[in-house]
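Peer 1: Have a look at the structure that comes next, please.
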Amino acid sequence: MLAAIKNSIFPFWPLLVLLGGAFVTLMMGLLKGRARILAPALSSLLVLALSAYGFFEAYFLSGSQSILYSLAVVGVGILSVPMFLDYFQAREEKVPEVFSLLLLVVLGALVMIGTTHLLVFIFGLEILSLSLYVMAGLRREDLRSAESSLKYFILGSVALAFTLMGLSFLYGVSGQLDLNLMAETVIAPEFVTLFKIGIFLFLLGLCFKVAAVPLHFWAPDVYQGAPMPVTGLMAVVVKLASFAALLKFLFFFYLWEHQQIAGISLSLDKFVLFLSLASMAVGTLAALRQKSVKRLLAYSGIAHGGYILLGLSTGWGQANELMNTSDAVLFYLISYAVMSLGVFTVLSLLSRGSQELDSLEDLKGLSKKHPLASAFLAFFFISMAGIPPMTGFMAKYLIFKQAIYQGLWGPTIFAVLMSAVAFYYYLVPVIRMYFQEESSSSVELPKLPLGAQAVLVLLILAILGLGIFPDVILAGF
Amino acid sequence: MFNWIDQNILSLIIFTPLAGAVVGLFLPSSQRRVFEIWTLFVTLLTFVLSLHLVFYFDNGAGYQFAIFKPWIQSLGVQYALAVDGISLWLVVLTTFLMPIVTLFSWGAVGERHKAYYLLLLILHTGMLGAFMAVDAFFFYLFWEAMLIPMYFLIGIYGHGDKIKAATKFFIYTVVGSVLMLLGMIYLYFRAGGSFLLQDWLVLDLSTSEQWWLFLAFTLSFAIKVPIFPLHTWLPEAHTQAPAAGSVILAGVLLKMGTYGLVRFAIPLFPQAYDQAYPVIASLAVVGIIYGSLVAMVQKDIKKLIAYSSIAHLGFVVLGLMAFNEQSMTGAVYQMLNHGVSSGALFLLVGMLYTRTHTQAIANYGGLAKTLPLFTFVFMVVTFSSIALPGTNGFVGEFMILAGTFYSDLSLWAIVASLGVILSAVYMLWMVERVFFGKKAGESLKPLKDLNLREWLCILPLLVMIVWMGLKPNFFLEKIEPAVKTLVEIKSAF
């Protein structure tokens, strides 16, 4: 009896725990005093840790890569708790809701990463998105926050409409919703065009989520308006989950392309390559001119997406190269997650007051006022720029290596030149913090709490560890 | 014990400064003296360790003290360190200059001293690693990592338009090196998944392959040297950097470029070099004449020395392009000479700056009366810089020019020897205006001559100038075998 229950529950353990945890955390709004703040944080830590317990047996996760992505998402969730706690402490009334939503975001991301069933995937995507729409608007006193939430919601819904349209085409043509089954279905020749359109529409929705150019317009505005830790969550978890899903879908569609009727080419690799080049160019060049840290990070995130897409456009011919490609993409995403989380944690901690630390001008002279915070921030930015021995370099290197192996010289030379330009905009915050004197309109800055410091040190060790010993990820799986 | 040290000596040398930096991270930032002494101790320890290399180096060709260990297996990267006759002295030059720089900084750095000394130590490890790594990936790691501490040293502790100078330095170097990275990835695949230099040297590259790779590698190194017309970052970086930064830049970092040419670009792509050398030699000669002429009209002492560096490095590149044993040996020797003499010059200017807070030549004059000993020291270093016989500069430049005369670049050698004359003109003219001649304004009156700490900084450099000038064989006999193998690689084509 017990074993039967266990066997039927265990496959869904992570999802059930997260869902239950989200409700319990929400109920903690009934508590009073400090417990009302601390209990939700502790409970979400506990829930996240518990959810990871079932990963290796959960059947909804297919393949070692999706386990790694799921671990990364849960890890990011755990490590972001101090930043959420710290930022929202000043805004007490929202604390339980925030942590409840955080758990739901992780839940949505896990579903997106794990499933091969298109409808279930849409559920995951919507759980993630709806939670984030709400979170983006949490700073009710700020008009920007409302704008961010609304913009994200409307544009996100439009993107979802495209995805659903594509989904209905795919379903209509193949009669299947699960990718594994769909891959085995033979499509009648007269429906092939419709099927192709379905694939592209479906992918468009995901390209919106990863903010690939030309579907990137929402990112800077939404990033800027959302509360700092929420922006961090968008930058990290959404990118992780969406790219993991993109990798999976592209894999299936490529496979379909190879197995299906000869003479029909989707040119998916060309499509992805185009997105990649456009993202690198727009992201990098636009980032040069930003005055807001969040917008800078939004555009730099778009550029990072471009590098990942460059990786995704390679290696689909041969099976062993496919391994290397997905390794490179996984490595890039984990590196990007660690570095972004670091940046946003520091920025959130410095944004505890009524005003967020968003303008690049506010960073002037920070190294004197707050040496520890600026040292952390500079480290993360330099790693993002891709200087060895930090992991930002190793991540880019792996992508370039893949692209060169495939003979993509033109795009790769373009990519390295863009990454050289990128050095410049990552140095701007460093210049403000270290080389320029304090501006007069500076506000009093809070100290870094110990829990957050521990997280930051952990992230730095991870950045150095991944950069110097990438085999930890590359060889292990 | 001795065996263990002997086998791991290169690792010890590289990581001593880094370990020192890690320990330094936990020292209390309020105690300035603690950092000063700790950094001096670490750099001296590194120097002592590097002496092991000098004593136990056997005067032959090939790698010595080599360490090969697998590192990133899935990427085929090896932890590969070794020195030969060329890198040996560059390593020792680095470890020799760093304690001097540290000791000099004692008097020059007040605010934010903790970060300063930590950056120095990290930079130290970066430079040593770049000279010792014989795995290209490993080399690239140090090559790039070096940028960050130097960037901060210029940006935080520099003066004037330091942000522009630091950014320019950074972007120039990075643009060159990312293209080199692509070339390295190509060679990695070409060599069947290896970054080891020795695997690359046996590759049979076609001429067109060589040309592309040659362009990617040479651009990166030429920026660092710098070869005209890629030199525009140098005067600003040297002038705006703190004195210690200028010493490291001129003394060690510029040699990275020429070292890269000797170690990677020339031996790996001999055919491309066989076709391109007249062009590069011409650029080198243009750099010599141009650098000298521009140096002549400078109003700022530091800028003058910076431009003189462009000219001096032009000689080194010319010697490398002439590609015979004599000119190459001279070029490698001149790298060391320039490290010692321009390092000393920037050090002296830094000492002057701490006294007067001005670098403009016009603000000085008649210093010989108030600072007789300082003037004497400055004169000796100037002689070395303009290659007076008996100093180290003479040996290097003479070998380069003599070797170039005997190659098919003799015409270039004739033009380049004009540069020797020009260097005497601008240096002596500067010395005349600063130390002799009319007395400057009242503000310069109460100056103190060299103190004990400054003597300790400058004396080792003076000794080296004379020693390397009178007994060059001690150094050359270790360089020559390595150069000989290089020349043989080329003549095989």
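In the structure tokens, each chain is lettered A, B, ... as it comes, each chain's residues begin at 1, and ligands are numbered from 1 in order of appearance.
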Counting only C-alpha atoms, which residues from chain A have an atom at most 6 Å from any atom of chain B, and could you show them as a CSV table (one decimal) with C-alpha atoms, in the first residue's frame?

Peer 2:
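Writing done, so here's out-v5.csv:
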chain,number,residue,atom,x,y,z
A,388,PRO,CA,40.0,34.1,-18.0
A,420,ALA,CA,35.6,42.5,-27.6
A,435,PHE,CA,38.0,55.3,-11.3

Peer 1: So that I can see what lies close to region 284-295 of chain A, please list as a list in words the residues with an atom at most 6 Å from it, counting only C-alpha atoms and leaving out residues fewer than 4 positions away in the same chain.

Peer 2: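 In the requested form, the answer reads Pro220, Gln224, Met280, Tyr299, Ala303, Asp358, Ser359, Leu360, Ala422 and Tyr425 of chain A.
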
Peer 1: Return the single residue from A:Ser145, A:Ser326, A:Ser157, A:Ser276 that is closest to Val213 (chain A), with distances computed using only C-alpha atoms.

Peer 2: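 Checking each of A:Ser145, A:Ser326, A:Ser157, A:Ser276 against Val213 (chain A), counting only C-alpha atoms, the winner is A:Ser276.
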
Peer 1: Between CA of Leu53 (chain B) and CA of Ala21 (chain B), measure the distance and give it in Å to one decimal.

Peer 2: 23.1 Å

Peer 1: Taking 3 positions as the minimum chain separation for residues in the same chain, which residues sit within 9 Å of Leu345 (chain B) when counting only C-alpha atoms? Answer as a VMD selection string.

Peer 2: chain B and resid 247 302 305 340 to 342 348 to 350 378 381 to 382 385

Peer 1: For region 159-175 of chain A, list every protein, DNA or RNA residue within 9 Å, evaluated using only C-alpha atoms, and leave out those in the same chain fewer than 5 positions away; present the list as number ranges by chain.

Peer 2: A: 118-119, 122, 125-126, 154, 182, 185-188, 191-192, 194-206, 208-209

Peer 1: Return as a tab-separated table the residues of region 79-166 of chain B lying at most 12 Å from region 315-339 of chain B, together with the closest atom-to-atom pair for each and the distance in Å to one decimal, counting only C-alpha atoms, with rows in chain order and ascending residue number.

Peer 2:
residue	atom	partner	partner_atom	distance
B:Gly85	CA	B:Val332	CA	9.5
B:Ile86	CA	B:Val332	CA	6.8
B:Ser87	CA	B:Val332	CA	9.3
B:Leu88	CA	B:Leu336	CA	10.8
B:Trp89	CA	B:Leu336	CA	7.3
B:Leu90	CA	B:Leu336	CA	6.8
B:Val91	CA	B:Leu336	CA	10.1
B:Val92	CA	B:Leu336	CA	9.5
B:Leu93	CA	B:Leu336	CA	6.8
B:Thr94	CA	B:Gly339	CA	8.8
B:Thr95	CA	B:Gly339	CA	11.8
B:Phe96	CA	B:Gly339	CA	10.3
B:Leu97	CA	B:Gly339	CA	8.5
B:Met98	CA	B:Gly339	CA	11.7

Peer 1: May I have the residues from that selection written out with C-alpha atoms, as a PDB file, in the first residue's frame?

Peer 2:
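Result file follows (out_2.pdb):
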ATOM      1  CA  GLY B  85      67.072  30.183 -22.888  1.00  0.00           C
ATOM      2  CA  ILE B  86      64.688  32.879 -24.062  1.00  0.00           C
ATOM      3  CA  SER B  87      62.003  32.721 -21.430  1.00  0.00           C
ATOM      4  CA  LEU B  88      64.465  32.007 -18.608  1.00  0.00           C
ATOM      5  CA  TRP B  89      65.802  35.545 -18.552  1.00  0.00           C
ATOM      6  CA  LEU B  90      62.407  37.124 -19.057  1.00  0.00           C
ATOM      7  CA  VAL B  91      61.168  35.233 -16.015  1.00  0.00           C
ATOM      8  CA  VAL B  92      64.151  36.406 -14.014  1.00  0.00           C
ATOM      9  CA  LEU B  93      63.703  39.951 -15.305  1.00  0.00           C
ATOM     10  CA  THR B  94      60.129  39.885 -14.011  1.00  0.00           C
ATOM     11  CA  THR B  95      60.974  38.487 -10.601  1.00  0.00           C
ATOM     12  CA  PHE B  96      63.895  40.918 -10.413  1.00  0.00           C
ATOM     13  CA  LEU B  97      61.814  44.008 -11.173  1.00  0.00           C
ATOM     14  CA  MET B  98      58.866  43.200  -8.927  1.00  0.00           C
TER      15      MET B  98
END

Peer 1: Which is closest to Gln89 (chain A) among A:Leu296, A:Pro40, A:Leu233, A:Val421, if we use only C-alpha atoms?

Peer 2: A:Pro40

Peer 1: Using DSSP on the backbone, list every residue of region 171-248 of chain A that comes out as alpha helix (DSSP H), and give them as a PyMOL selection string.

Peer 2: chain A and resi 171-174+179-184+192-209+218-225+228-233+239-248

Peer 1: List every residue of region 79-193 of chain B that DSSP, applied to the backbone of this structure, places in strand (DSSP E), and write the result as a PDB file with C-alpha atoms, in the first residue's frame.

Peer 2:
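File out-v1.pdb, as written:
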ATOM      1  CA  TYR B  79      49.147  22.201 -17.386  1.00  0.00           C
ATOM      2  CA  ALA B  80      52.400  22.648 -19.254  1.00  0.00           C
ATOM      3  CA  LEU B  81      55.196  24.835 -17.983  1.00  0.00           C
ATOM      4  CA  ALA B  82      58.777  25.065 -19.159  1.00  0.00           C
ATOM      5  CA  VAL B  83      61.556  27.550 -19.756  1.00  0.00           C
TER       6      VAL B  83
END

Peer 1: To one decimal in Å, tell me the separation between CA of Gly129 (chain B) and CA of Val487 (chain B).

Peer 2: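 Separation between CA of Gly129 (chain B) and CA of Val487 (chain B): 25.1 Å.
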
Peer 1: Looking at B:Ala165, B:Ile458, B:Ala344, B:Ala402, which one is nearest to Ile431 (chain A), with distances taken over only C-alpha atoms?

Peer 2: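 So, comparing all the options, the nearest one is B:Ala165.
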
Peer 1: Skip Phe99 (chain A) itself and residues of its chain fewer than 4 positions away, then list as a list in words all residues within 9 Å of it, counting only C-alpha atoms.

Peer 2: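 My list of contacting residues is Ala22, Thr25, Leu26, Pro40, Ala41, Ser43, Ser44, Val81, Phe84, Leu85, Lys94, Val95, Leu103 and Leu104 of chain A.
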